[in-house]
$ cat target15.txt   # compact mmCIF, C-alpha atoms
# COMPACT_ATOMS: atom_id res chain seq x y z
CA MET N 1 16.68 26.66 16.80
CA GLN N 2 17.61 25.53 13.27
CA TYR N 3 14.08 26.20 12.07
CA GLU N 4 13.96 29.67 13.62
CA SER N 5 17.23 30.53 11.91
CA ALA N 6 15.95 29.20 8.60
CA LYS N 7 12.69 31.08 9.04
CA ALA N 8 14.62 34.32 9.32
CA VAL N 9 16.69 33.54 6.22
CA PHE N 10 13.58 32.90 4.14
CA ALA N 11 11.91 36.01 5.56
CA ASP N 12 14.81 38.03 4.19
CA TRP N 13 13.73 36.79 0.75
CA GLY N 14 10.13 37.72 1.47
CA VAL N 15 9.02 34.11 2.05
CA ASP N 16 6.73 33.05 4.93
CA THR N 17 7.79 29.55 6.02
CA GLU N 18 4.70 29.11 8.18
CA ALA N 19 2.44 29.71 5.18
CA ALA N 20 4.48 27.21 3.16
CA LEU N 21 4.18 24.55 5.87
CA ALA N 22 0.44 25.12 6.18
CA LYS N 23 -0.03 24.76 2.43
CA LEU N 24 2.12 21.62 2.21
CA ALA N 25 0.03 19.98 4.94
CA GLU N 26 -3.05 20.43 2.73
CA ILE N 27 -1.65 18.73 -0.39
CA PRO N 28 -2.72 15.08 -0.70
CA ILE N 29 -0.57 12.72 -2.75
CA SER N 30 -2.18 9.61 -4.21
CA MET N 31 0.22 6.76 -3.46
CA HIS N 32 -0.06 3.82 -5.85
CA CYS N 33 -0.88 0.37 -4.53
CA TRP N 34 1.14 -1.49 -7.17
CA GLN N 35 4.58 -0.64 -5.74
CA GLY N 36 3.79 -3.00 -2.84
CA ASP N 37 3.37 -6.21 -4.84
CA ASP N 38 5.25 -5.58 -8.11
CA VAL N 39 2.07 -4.92 -10.16
CA VAL N 40 0.77 -8.47 -9.65
CA GLY N 41 -2.71 -7.83 -8.21
CA PHE N 42 -5.03 -10.30 -6.52
CA GLU N 43 -6.93 -11.86 -9.37
CA GLN N 44 -6.95 -15.61 -9.89
CA LYS N 45 -6.39 -15.27 -13.64
CA SER N 46 -4.05 -13.34 -15.88
CA GLY N 47 -2.86 -13.11 -19.46
CA SER N 48 0.59 -12.93 -20.95
CA SER N 49 0.37 -9.24 -21.80
CA GLY N 50 1.59 -6.78 -19.22
CA GLY N 51 1.12 -3.81 -21.47
CA GLY N 52 4.85 -3.16 -21.32
CA ILE N 53 4.69 -3.03 -17.51
CA GLN N 54 7.28 -5.00 -15.58
CA ALA N 55 8.72 -4.76 -12.09
CA THR N 56 12.21 -6.26 -12.02
CA GLY N 57 13.97 -7.76 -9.03
CA SER N 58 13.20 -10.27 -6.30
CA HIS N 59 13.70 -8.39 -3.04
CA PRO N 60 12.05 -10.36 -0.22
CA GLY N 61 8.80 -9.21 1.36
CA ARG N 62 6.39 -8.73 -1.54
CA ALA N 63 2.78 -8.39 -0.38
CA ARG N 64 0.79 -11.43 -1.51
CA THR N 65 -2.66 -10.71 -0.09
CA PRO N 66 -4.84 -7.64 0.42
CA ASP N 67 -4.20 -7.79 4.17
CA GLU N 68 -0.42 -7.88 3.69
CA LEU N 69 -0.60 -5.00 1.24
CA ARG N 70 -2.75 -2.94 3.59
CA ALA N 71 -0.34 -3.61 6.47
CA ASP N 72 2.56 -2.37 4.35
CA LEU N 73 0.57 0.68 3.30
CA GLU N 74 -0.35 1.51 6.90
CA PHE N 75 3.30 1.41 7.90
CA SER N 76 4.30 3.55 4.92
CA TYR N 77 1.64 6.20 5.49
CA GLY N 78 2.81 6.36 9.10
CA MET N 79 6.26 7.41 7.86
CA ILE N 80 4.90 10.12 5.52
CA PRO N 81 3.80 13.50 6.91
CA GLY N 82 0.32 14.73 6.01
CA ASN N 83 -2.96 13.13 4.90
CA HIS N 84 -2.95 11.32 1.59
CA ARG N 85 -4.76 8.99 -0.80
CA LEU N 86 -4.40 5.48 -2.23
CA ASN N 87 -4.51 4.84 -5.96
CA LEU N 88 -6.07 1.40 -6.49
CA HIS N 89 -6.10 -0.67 -9.68
CA ALA N 90 -9.07 -2.88 -10.53
CA CYS N 91 -6.91 -6.02 -10.38
CA TYR N 92 -6.53 -5.47 -6.62
CA LEU N 93 -10.00 -6.68 -5.74
CA ASP N 94 -10.51 -8.34 -2.36
CA THR N 95 -12.99 -11.21 -2.67
CA ASP N 96 -13.32 -14.99 -2.43
CA GLN N 97 -15.15 -14.91 -5.74
CA ASN N 98 -13.43 -15.11 -9.10
CA PRO N 99 -15.05 -12.46 -11.30
CA ASP N 100 -13.69 -11.68 -14.73
CA ARG N 101 -12.91 -8.06 -15.52
CA ASP N 102 -16.35 -7.49 -17.04
CA GLU N 103 -18.01 -8.81 -13.87
CA ILE N 104 -16.36 -6.75 -11.13
CA GLU N 105 -18.63 -4.94 -8.67
CA TYR N 106 -18.32 -2.48 -5.81
CA GLY N 107 -18.60 -5.32 -3.29
CA HIS N 108 -15.30 -6.74 -4.52
CA PHE N 109 -13.61 -3.57 -3.26
CA ALA N 110 -15.74 -2.76 -0.22
CA SER N 111 -12.99 -3.84 2.19
CA TRP N 112 -10.70 -1.22 0.66
CA VAL N 113 -13.30 1.45 1.31
CA ASP N 114 -13.78 0.32 4.91
CA TRP N 115 -10.02 0.36 5.39
CA ALA N 116 -9.69 3.80 3.80
CA LYS N 117 -12.30 5.15 6.20
CA GLU N 118 -10.38 3.74 9.16
CA GLN N 119 -7.12 5.22 7.88
CA ARG N 120 -8.74 8.54 6.90
CA LEU N 121 -7.50 8.17 3.33
CA GLY N 122 -9.03 9.13 0.04
CA LEU N 123 -9.13 6.61 -2.82
CA ASP N 124 -8.52 6.82 -6.55
CA PHE N 125 -9.17 4.06 -9.07
CA ASN N 126 -7.99 2.62 -12.39
CA PRO N 127 -9.58 0.02 -14.67
CA THR N 128 -6.98 -2.64 -15.51
CA PHE N 129 -6.67 -3.08 -19.28
CA PHE N 130 -3.53 -5.26 -19.18
CA ALA N 131 -2.40 -8.68 -17.87
CA HIS N 132 -5.43 -10.47 -19.31
CA ALA N 133 -5.97 -12.98 -22.11
CA LYS N 134 -8.17 -10.49 -23.94
CA ALA N 135 -5.27 -8.01 -23.97
CA ASP N 136 -2.71 -10.39 -25.46
CA ASP N 137 -2.99 -8.75 -28.89
CA ASN N 138 -1.90 -5.45 -27.29
CA LEU N 139 -5.30 -4.13 -28.33
CA THR N 140 -8.31 -3.62 -26.04
CA LEU N 141 -10.67 -0.68 -26.58
CA SER N 142 -9.35 -0.26 -30.14
CA HIS N 143 -9.44 -3.98 -31.02
CA PRO N 144 -11.05 -4.72 -34.42
CA ASP N 145 -13.02 -7.55 -32.79
CA GLN N 146 -16.28 -6.05 -31.49
CA GLY N 147 -16.60 -8.81 -28.88
CA ILE N 148 -13.25 -7.98 -27.32
CA ARG N 149 -14.05 -4.28 -27.39
CA ASP N 150 -17.40 -4.94 -25.70
CA PHE N 151 -15.64 -6.93 -22.96
CA TRP N 152 -13.31 -4.01 -22.19
CA ILE N 153 -16.06 -1.42 -22.52
CA GLU N 154 -18.03 -3.28 -19.86
CA HIS N 155 -14.93 -3.37 -17.66
CA GLY N 156 -14.56 0.38 -18.09
CA LYS N 157 -18.21 1.01 -17.25
CA ARG N 158 -18.05 -1.10 -14.12
CA SER N 159 -14.85 0.60 -13.01
CA ARG N 160 -16.48 4.02 -13.28
CA ASP N 161 -19.46 2.80 -11.27
CA ILE N 162 -17.17 1.34 -8.59
CA ALA N 163 -15.19 4.57 -8.42
CA ALA N 164 -18.38 6.62 -8.07
CA GLN N 165 -19.61 4.42 -5.21
CA MET N 166 -16.23 4.73 -3.52
CA GLY N 167 -16.42 8.50 -3.80
CA ALA N 168 -19.93 8.56 -2.38
CA ALA N 169 -18.92 6.36 0.56
CA LEU N 170 -15.82 8.42 1.36
CA GLY N 171 -17.25 11.87 0.66
CA SER N 172 -14.35 12.65 -1.67
CA PRO N 173 -14.32 12.40 -5.48
CA VAL N 174 -12.39 9.42 -6.83
CA VAL N 175 -10.26 10.04 -9.91
CA ASN N 176 -10.94 7.14 -12.29
CA ASN N 177 -8.04 7.06 -14.75
CA ILE N 178 -8.22 5.19 -18.06
CA TRP N 179 -5.00 3.96 -19.64
CA VAL N 180 -4.90 1.24 -22.29
CA PRO N 181 -1.82 -0.46 -23.76
CA ASP N 182 -3.18 -0.45 -27.31
CA GLY N 183 -0.67 -0.21 -30.12
CA TYR N 184 1.34 -1.96 -32.81
CA LYS N 185 4.82 -3.46 -32.81
CA ASP N 186 5.33 -2.55 -36.46
CA THR N 187 4.03 0.32 -38.54
CA PRO N 188 0.25 0.11 -39.10
CA VAL N 189 -1.40 1.11 -42.35
CA ASP N 190 -4.62 2.43 -40.78
CA ARG N 191 -4.01 4.41 -37.62
CA MET N 192 -7.27 6.28 -38.11
CA ALA N 193 -9.45 3.17 -37.82
CA SER N 194 -7.84 2.24 -34.49
CA ARG N 195 -8.26 5.72 -33.10
CA VAL N 196 -11.87 5.94 -34.21
CA ARG N 197 -12.56 2.65 -32.42
CA LEU N 198 -10.79 3.89 -29.29
CA GLU N 199 -12.80 7.12 -29.26
CA GLN N 200 -16.08 5.25 -29.75
CA SER N 201 -15.21 2.83 -26.94
CA LEU N 202 -14.34 5.67 -24.57
CA ASP N 203 -17.62 7.39 -25.42
CA ALA N 204 -19.50 4.16 -24.67
CA ILE N 205 -17.73 3.78 -21.32
CA ARG N 206 -18.55 7.36 -20.36
CA ALA N 207 -22.14 7.36 -21.64
CA LEU N 208 -23.56 7.28 -18.11
CA LYS N 209 -22.96 10.57 -16.34
CA HIS N 210 -21.75 10.47 -12.74
CA ASP N 211 -21.76 13.20 -10.12
CA LYS N 212 -18.36 14.93 -10.18
CA ALA N 213 -18.56 15.16 -6.42
CA GLN N 214 -18.15 11.38 -6.45
CA MET N 215 -16.08 10.50 -9.54
CA LEU N 216 -13.82 12.32 -11.98
CA ASP N 217 -12.88 10.84 -15.36
CA ALA N 218 -9.27 10.99 -16.50
CA VAL N 219 -7.54 9.71 -19.64
CA GLU N 220 -3.83 8.91 -19.97
CA SER N 221 -1.57 8.85 -23.00
CA LYS N 222 1.67 6.99 -23.64
CA LEU N 223 4.54 7.34 -26.09
CA PHE N 224 5.26 3.64 -26.61
CA GLY N 225 5.70 0.37 -24.77
CA ILE N 226 7.31 -3.03 -25.19
CA GLY N 227 5.51 -4.68 -28.10
CA VAL N 228 3.92 -1.43 -29.29
CA GLU N 229 7.01 0.43 -30.41
CA ALA N 230 5.69 1.64 -33.78
CA CYS N 231 2.34 3.15 -32.84
CA THR N 232 0.47 3.88 -29.65
CA VAL N 233 -3.22 4.37 -30.41
CA GLY N 234 -3.81 6.54 -27.35
CA SER N 235 -1.13 9.13 -28.05
CA HIS N 236 -0.72 12.43 -26.22
CA GLU N 237 -2.40 14.32 -29.04
CA PHE N 238 -5.32 11.87 -29.09
CA TYR N 239 -6.02 12.16 -25.39
CA MET N 240 -5.38 15.87 -25.11
CA GLY N 241 -8.02 16.45 -27.77
CA TYR N 242 -10.37 13.95 -26.17
CA ALA N 243 -9.99 15.49 -22.70
CA ILE N 244 -10.64 19.00 -24.00
CA ARG N 245 -13.68 17.98 -26.06
CA ASN N 246 -15.19 15.90 -23.28
CA GLU N 247 -14.10 17.94 -20.25
CA THR N 248 -12.25 15.11 -18.55
CA LEU N 249 -8.98 15.27 -16.66
CA LEU N 250 -5.86 14.73 -18.73
CA CYS N 251 -3.25 12.51 -17.09
CA LEU N 252 0.36 13.53 -17.71
CA ASP N 253 2.62 10.63 -16.79
CA MET N 254 6.27 11.69 -16.61
CA GLY N 255 7.38 8.41 -18.20
CA HIS N 256 5.07 8.63 -21.21
CA PHE N 257 6.90 11.17 -23.34
CA HIS N 258 10.12 11.53 -25.33
CA PRO N 259 13.19 11.58 -23.05
CA THR N 260 13.99 15.15 -24.10
CA GLU N 261 10.49 16.48 -23.30
CA ASN N 262 10.01 18.46 -20.09
CA VAL N 263 6.63 17.38 -18.74
CA ALA N 264 6.59 20.33 -16.33
CA ASP N 265 6.54 22.62 -19.37
CA LYS N 266 3.24 21.07 -20.49
CA LEU N 267 1.30 22.01 -17.36
CA SER N 268 0.61 25.66 -18.10
CA SER N 269 -0.27 24.85 -21.72
CA VAL N 270 -2.88 22.19 -21.00
CA ALA N 271 -4.22 24.17 -18.03
CA LEU N 272 -5.44 26.85 -20.44
CA SER N 273 -7.86 24.31 -21.95
CA LEU N 274 -8.65 22.01 -19.02
CA ASP N 275 -10.19 22.64 -15.63
CA GLU N 276 -8.18 19.91 -13.86
CA ILE N 277 -5.08 17.82 -14.49
CA LEU N 278 -3.89 14.45 -13.20
CA LEU N 279 -0.17 13.84 -12.72
CA HIS N 280 1.58 10.49 -12.52
CA VAL N 281 4.97 11.34 -11.08
CA SER N 282 7.64 8.86 -12.08
CA ARG N 283 11.30 8.63 -13.11
CA PRO N 284 11.81 7.21 -16.61
CA MET N 285 15.50 6.30 -16.60
CA ARG N 286 15.46 4.97 -20.16
CA TRP N 287 11.83 4.66 -21.27
CA ASP N 288 8.72 4.26 -19.09
CA SER N 289 10.83 2.35 -16.58
CA ASP N 290 9.08 3.89 -13.57
CA HIS N 291 12.04 4.12 -11.22
CA VAL N 292 11.43 5.47 -7.72
CA ILE N 293 11.42 9.24 -7.91
CA LEU N 294 14.42 11.17 -6.65
CA LEU N 295 14.61 14.77 -5.51
CA ASP N 296 16.07 15.61 -8.91
CA ASP N 297 15.67 18.43 -11.41
CA ALA N 298 12.63 16.89 -13.12
CA ILE N 299 10.69 16.60 -9.86
CA LEU N 300 11.76 20.03 -8.67
CA GLN N 301 10.71 21.61 -11.98
CA MET N 302 7.34 19.87 -11.81
CA ALA N 303 6.71 21.21 -8.31
CA GLN N 304 7.93 24.68 -9.24
CA GLU N 305 5.54 24.85 -12.18
CA LEU N 306 2.61 23.72 -10.04
CA VAL N 307 3.28 26.50 -7.53
CA SER N 308 4.42 29.23 -9.91
CA ALA N 309 1.44 28.75 -12.25
CA ASN N 310 -0.97 28.47 -9.30
CA LEU N 311 -2.08 24.99 -10.39
CA LEU N 312 -1.97 23.12 -7.08
CA ASP N 313 -5.70 23.38 -6.49
CA ARG N 314 -6.41 22.16 -10.05
CA THR N 315 -3.98 19.25 -10.10
CA HIS N 316 -4.32 15.76 -8.67
CA ILE N 317 -0.85 14.46 -7.81
CA GLY N 318 -0.40 10.70 -8.08
CA LEU N 319 2.73 8.54 -8.08
CA ASP N 320 3.62 5.74 -10.47
CA PHE N 321 6.81 3.80 -9.83
CA PHE N 322 7.74 0.24 -8.86
CA ASP N 323 11.05 -1.36 -7.98
CA ALA N 324 11.40 -4.94 -6.78
CA THR N 325 15.18 -4.67 -6.20
CA ILE N 326 14.77 -2.66 -2.99
CA SER N 327 12.44 -2.58 0.00
CA ARG N 328 9.00 -1.81 -1.37
CA THR N 329 7.93 0.14 1.69
CA ALA N 330 11.14 2.17 1.63
CA ALA N 331 10.43 2.99 -2.02
CA TRP N 332 6.93 4.23 -1.13
CA VAL N 333 8.14 6.33 1.79
CA ILE N 334 11.22 7.91 0.24
CA GLY N 335 9.52 8.46 -3.12
CA THR N 336 6.45 10.13 -1.63
CA ARG N 337 8.52 12.26 0.73
CA ASN N 338 10.66 13.35 -2.23
CA MET N 339 7.53 14.67 -3.93
CA GLN N 340 6.67 16.55 -0.75
CA LYS N 341 10.19 17.94 -0.44
CA ALA N 342 9.99 19.23 -4.01
CA LEU N 343 6.66 20.89 -3.29
CA LEU N 344 8.07 22.47 -0.13
CA GLN N 345 11.03 23.91 -2.02
CA ALA N 346 8.63 25.34 -4.58
CA LEU N 347 6.44 26.84 -1.86
CA LEU N 348 9.52 28.46 -0.33
CA ALA N 349 10.62 30.22 -3.53
CA PRO N 350 10.34 34.03 -3.76
CA TRP N 351 8.00 33.92 -6.76
CA ASP N 352 6.90 37.55 -6.56
CA GLU N 353 10.47 38.77 -6.82
CA LEU N 354 11.36 36.34 -9.59
CA LYS N 355 8.28 37.17 -11.64
CA ARG N 356 8.84 40.91 -11.26
CA ALA N 357 12.35 40.56 -12.63
CA GLU N 358 11.16 38.45 -15.55
CA SER N 359 8.33 40.84 -16.43
CA ARG N 360 10.88 43.68 -16.58
CA LEU N 361 13.07 41.52 -18.85
CA ASP N 362 15.69 41.71 -16.11
CA PHE N 363 17.08 38.29 -16.83
CA THR N 364 20.29 38.99 -14.90
CA THR N 365 18.41 39.39 -11.63
CA ARG N 366 16.30 36.34 -12.44
CA PHE N 367 19.47 34.36 -13.15
CA MET N 368 21.24 35.45 -9.97
CA ALA N 369 18.24 34.92 -7.72
CA THR N 370 17.30 31.47 -9.06
CA GLU N 371 20.87 30.31 -8.44
CA GLU N 372 21.28 31.85 -5.00
CA ILE N 373 18.05 30.43 -3.61
CA LYS N 374 19.37 26.93 -4.26
CA ASP N 375 21.50 27.42 -1.14
CA LEU N 376 18.61 28.32 1.18
CA PRO N 377 18.10 26.07 4.26
CA TYR N 378 15.20 23.96 2.94
CA GLY N 379 16.27 20.98 5.04
CA ALA N 380 15.64 22.79 8.30
CA VAL N 381 12.09 23.68 7.22
CA TRP N 382 11.45 20.08 6.10
CA SER N 383 12.70 18.76 9.45
CA GLU N 384 10.33 21.13 11.23
CA PHE N 385 7.43 19.90 9.10
CA CYS N 386 8.23 16.27 9.94
CA ALA N 387 8.62 17.07 13.63
CA ARG N 388 5.20 18.73 13.73
CA MET N 389 3.72 15.72 11.95
CA GLU N 390 5.55 13.36 14.33
CA VAL N 391 7.43 11.39 11.68
CA ALA N 392 11.11 10.54 11.69
CA THR N 393 13.88 11.98 9.53
CA GLY N 394 17.48 11.08 8.76
CA LYS N 395 19.07 8.09 10.49
CA ALA N 396 15.96 7.49 12.62
CA LEU N 397 13.84 7.15 9.46
CA ILE N 398 16.34 4.77 7.89
CA ALA N 399 16.32 2.63 11.04
CA ASP N 400 12.51 2.49 11.08
CA LEU N 401 12.40 1.47 7.42
CA ALA N 402 15.04 -1.21 7.97
CA ARG N 403 13.20 -2.67 10.96
CA TYR N 404 9.96 -2.99 9.02
CA GLN N 405 11.75 -4.59 6.10
CA LYS N 406 13.13 -7.26 8.43
CA LYS N 407 9.55 -7.89 9.58
CA VAL N 408 8.14 -8.43 6.08
CA GLU N 409 11.07 -10.66 5.12
CA ALA N 410 9.83 -13.10 7.76
CA ARG N 411 6.59 -13.73 5.84
CA GLY N 412 6.09 -17.38 5.01

$ encode --input "target15.txt" --output "structure tokens"
Amino acid sequence: MQYESAKAVFADWGVDTEAALAKLAEIPISMHCWQGDDVVGFEQKSGSSGGGIQATGSHPGRARTPDELRADLEFSYGMIPGNHRLNLHACYLDTDQNPDRDEIEYGHFASWVDWAKEQRLGLDFNPTFFAHAKADDNLTLSHPDQGIRDFWIEHGKRSRDIAAQMGAALGSPVVNNIWVPDGYKDTPVDRMASRVRLEQSLDAIRALKHDKAQMLDAVESKLFGIGVEACTVGSHEFYMGYAIRNETLLCLDMGHFHPTENVADKLSSVALSLDEILLHVSRPMRWDSDHVILLDDAILQMAQELVSANLLDRTHIGLDFFDATISRTAAWVIGTRNMQKALLQALLAPWDELKRAESRLDFTTRFMATEEIKDLPYGAVWSEFCARMEVATGKALIADLARYQKKVEARG
């Protein structure tokens, strides 16, 4: 009865809740594997450099093996309505071998593909340019040493090939996203040389063309990181220009900009020059701290822009957060559902009415309407969506999450 009442309320605003629910069910979200193990991965080697990436906390139950991680993911997907994807980093290989980053092959990830088929999930992929001895200078693809650059170029090439084979096996294009930690702690005297090397390395990685039905290239910028406070080689301007010139996806990570920048505001601008966009949805509390996303203004604005600007079908939505102070599975579930809740609220907005008022310069009506719709019964529509998808809400969800956490705490 609550849904029927809410349906009537939204209808009074000219909004079809059934259409919104149908659209939400079609939107896949790429959940990131690295929340489940605190960005450790399953390699048998590592370097001191984390590229400014650090998961803090010691909550019990961290996944230590591919099988444990997959079990946690299966539980989490079971708590999230809809059909989604998994975003996999190259350091999460599943093999008894010990390949270095420039030796990885599709076979090292074949178990992930088999599992994804069983779970009816899509996959996305990322080469791992951090946590390796050859990244300890905080320089990889832009390193002045040609040998180190060649090592990382080979890693990038192999990652693209793995992603393409994954896409072919799953019948769904894999987004292969390149992010490197390259930068300088103090002010460099030759930024141009570093950026020329980075561009040349990216060109070398992408020299072999892949079918876009199997693999899509993406590049990701960053403002700064620990140890690279003075200059990030792969800045937003660098990668925006690169993506436009080379027709790749541009990744906009919500934690990779100045704290006062509204990343949602960038969507319509870059969409004029790019066919597709990749989002990494995060919550940067101070810098790129990657807190679990809340249903806050930043997330709501991002979802509103995606719907209002008609960008949903051109945008790949991925998540990027990690918190080791709380249950890792609860973080996955609540964070992903928050993204879905934001999208649902955006889908339930009376955009035609709001846009008509704005086009007439009737800012009073726009102001009144945008404030009044904040009180609409979104929760009843969300509960209906979860009921149709047979997933729990409220206290029942909290109880399910708590029970699973007790289970993973028992791991030896």

$ residues_around --input "target15.txt" --residues "Arg70 of chain N" --least-positions-apart "4" --cutoff "12 Å" --atoms "all atoms listed in the file" --output "ChimeraX atom specification"
/N:32-34,36-37,62-66,74-77,86,88,92,94,111-116,118-119,329

$ write_last_selection --input "target15.txt" --atoms "C-alpha atoms" --output "tab-separated table (two decimals), in the frame of the given file"
chain	number	residue	atom	x	y	z
N	32	HIS	CA	-0.06	3.82	-5.85
N	33	CYS	CA	-0.88	0.37	-4.53
N	34	TRP	CA	1.14	-1.49	-7.17
N	36	GLY	CA	3.79	-3.00	-2.84
N	37	ASP	CA	3.37	-6.21	-4.84
N	62	ARG	CA	6.39	-8.73	-1.54
N	63	ALA	CA	2.78	-8.39	-0.38
N	64	ARG	CA	0.79	-11.43	-1.51
N	65	THR	CA	-2.66	-10.71	-0.09
N	66	PRO	CA	-4.84	-7.64	0.42
N	74	GLU	CA	-0.35	1.51	6.90
N	75	PHE	CA	3.30	1.41	7.90
N	76	SER	CA	4.30	3.55	4.92
N	77	TYR	CA	1.64	6.20	5.49
N	86	LEU	CA	-4.40	5.48	-2.23
N	88	LEU	CA	-6.07	1.40	-6.49
N	92	TYR	CA	-6.53	-5.47	-6.62
N	94	ASP	CA	-10.51	-8.34	-2.36
N	111	SER	CA	-12.99	-3.84	2.19
N	112	TRP	CA	-10.70	-1.22	0.66
N	113	VAL	CA	-13.30	1.45	1.31
N	114	ASP	CA	-13.78	0.32	4.91
N	115	TRP	CA	-10.02	0.36	5.39
N	116	ALA	CA	-9.69	3.80	3.80
N	118	GLU	CA	-10.38	3.74	9.16
N	119	GLN	CA	-7.12	5.22	7.88
N	329	THR	CA	7.93	0.14	1.69

$ atom_distance --input "target15.txt" --atom1 "atom CA of Tyr3 of chain N" --atom2 "atom CA of Tyr404 of chain N"
29.6 Å

$ atom_distance --input "target15.txt" --atom1 "atom CA of Asp67 of chain N" --atom2 "atom CA of Gly82 of chain N"
23.0 Å

$ residues_around --input "target15.txt" --residues "segment 277-290 of chain N" --least-positions-apart "2" --cutoff "6 Å" --atoms "only C-alpha atoms" --output "list of chain:residue names"
N:Leu249, N:Leu250, N:Cys251, N:Leu252, N:Asp253, N:Met254, N:Gly255, N:Ile293, N:Thr315, N:His316, N:Ile317, N:Gly318, N:Leu319, N:Asp320, N:Phe321

$ closest_residue --input "target15.txt" --among "N:Val391, N:Ala349, N:Met302, N:Leu267" --to "Leu376 of chain N" --atoms "all atoms listed in the file"
N:Ala349

$ atom_distance --input "target15.txt" --atom1 "atom CA of Asn138 of chain N" --atom2 "atom CA of Gly227 of chain N"
7.5 Å

$ closest_residue --input "target15.txt" --among "N:Val189, N:Leu294, N:Val307, N:Ile226" --to "Trp332 of chain N" --atoms "only C-alpha atoms"
N:Leu294

$ residues_around --input "target15.txt" --residues "Ala213 of chain N" --least-positions-apart "4" --cutoff "12 Å" --atoms "only C-alpha atoms" --output "VMD selection string"
chain N and resid 163 to 175 209 217

$ write_last_selection --input "target15.txt" --atoms "C-alpha atoms" --output "mmCIF file, keeping the file's coordinate frame"
data_model
loop_
_atom_site.group_PDB
_atom_site.id
_atom_site.type_symbol
_atom_site.label_atom_id
_atom_site.label_comp_id
_atom_site.auth_asym_id
_atom_site.auth_seq_id
_atom_site.Cartn_x
_atom_site.Cartn_y
_atom_site.Cartn_z
ATOM 1 C CA ALA N 163 -15.190 4.570 -8.420
ATOM 2 C CA ALA N 164 -18.380 6.620 -8.070
ATOM 3 C CA GLN N 165 -19.610 4.420 -5.210
ATOM 4 C CA MET N 166 -16.230 4.730 -3.520
ATOM 5 C CA GLY N 167 -16.420 8.500 -3.800
ATOM 6 C CA ALA N 168 -19.930 8.560 -2.380
ATOM 7 C CA ALA N 169 -18.920 6.360 0.560
ATOM 8 C CA LEU N 170 -15.820 8.420 1.360
ATOM 9 C CA GLY N 171 -17.250 11.870 0.660
ATOM 10 C CA SER N 172 -14.350 12.650 -1.670
ATOM 11 C CA PRO N 173 -14.320 12.400 -5.480
ATOM 12 C CA VAL N 174 -12.390 9.420 -6.830
ATOM 13 C CA VAL N 175 -10.260 10.040 -9.910
ATOM 14 C CA LYS N 209 -22.960 10.570 -16.340
ATOM 15 C CA ASP N 217 -12.880 10.840 -15.360
#

$ closest_residue --input "target15.txt" --among "N:Leu123, N:Leu272, N:Leu216, N:Ala342" --to "His89 of chain N" --atoms "all atoms listed in the file"
N:Leu123

$ closest_residue --input "target15.txt" --among "N:Ala396, N:Leu300, N:Ala324, N:Val292" --to "Val39 of chain N" --atoms "all atoms listed in the file"
N:Ala324

$ residues_around --input "target15.txt" --residues "Asp182 of chain N" --least-positions-apart "6" --cutoff "10 Å" --atoms "all atoms listed in the file" --output "list in words"
Gly51, Phe129, Phe130, Ala135, Asp137, Asn138, Leu139, Thr140, Leu141, Ser142, His143, Ser194, Arg195, Leu198, Lys222, Phe224, Gly225, Gly227, Val228, Cys231, Thr232, Val233, Gly234 and Ser235 of chain N

$ closest_residue --input "target15.txt" --among "N:Ala243, N:Met215, N:Ala230, N:Pro350" --to "Leu202 of chain N" --atoms "all atoms listed in the file"
N:Ala243

$ closest_residue --input "target15.txt" --among "N:Met192, N:Ile326, N:Ala6, N:Met368" --to "Glu409 of chain N" --atoms "all atoms listed in the file"
N:Ile326

$ build_atoms --input "target15.txt" --residues "segment 316-322 of chain N" --atoms "N, CA, C and O atoms" --output "PDB file, in the coordinates of the input"
ATOM      1  N   HIS N 316      -4.316  16.946  -9.519  1.00  0.00           N
ATOM      2  CA  HIS N 316      -4.320  15.760  -8.670  1.00  0.00           C
ATOM      3  C   HIS N 316      -2.963  15.076  -8.830  1.00  0.00           C
ATOM      4  O   HIS N 316      -2.609  14.628  -9.922  1.00  0.00           O
ATOM      5  N   ILE N 317      -2.211  14.991  -7.741  1.00  0.00           N
ATOM      6  CA  ILE N 317      -0.850  14.460  -7.810  1.00  0.00           C
ATOM      7  C   ILE N 317      -0.873  12.989  -7.404  1.00  0.00           C
ATOM      8  O   ILE N 317      -1.216  12.638  -6.264  1.00  0.00           O
ATOM      9  N   GLY N 318      -0.523  12.128  -8.350  1.00  0.00           N
ATOM     10  CA  GLY N 318      -0.400  10.700  -8.080  1.00  0.00           C
ATOM     11  C   GLY N 318       1.003  10.235  -8.403  1.00  0.00           C
ATOM     12  O   GLY N 318       1.741  10.890  -9.154  1.00  0.00           O
ATOM     13  N   LEU N 319       1.403   9.111  -7.838  1.00  0.00           N
ATOM     14  CA  LEU N 319       2.730   8.540  -8.080  1.00  0.00           C
ATOM     15  C   LEU N 319       2.599   7.265  -8.890  1.00  0.00           C
ATOM     16  O   LEU N 319       1.585   6.573  -8.839  1.00  0.00           O
ATOM     17  N   ASP N 320       3.641   6.952  -9.646  1.00  0.00           N
ATOM     18  CA  ASP N 320       3.620   5.740 -10.470  1.00  0.00           C
ATOM     19  C   ASP N 320       5.047   5.242 -10.650  1.00  0.00           C
ATOM     20  O   ASP N 320       5.744   5.636 -11.590  1.00  0.00           O
ATOM     21  N   PHE N 321       5.492   4.431  -9.699  1.00  0.00           N
ATOM     22  CA  PHE N 321       6.810   3.800  -9.830  1.00  0.00           C
ATOM     23  C   PHE N 321       6.756   2.443  -9.137  1.00  0.00           C
ATOM     24  O   PHE N 321       5.881   2.180  -8.307  1.00  0.00           O
ATOM     25  N   PHE N 322       7.680   1.554  -9.512  1.00  0.00           N
ATOM     26  CA  PHE N 322       7.740   0.240  -8.860  1.00  0.00           C
ATOM     27  C   PHE N 322       9.138  -0.320  -9.057  1.00  0.00           C
ATOM     28  O   PHE N 322       9.713  -0.276 -10.136  1.00  0.00           O
TER      29      PHE N 322
END
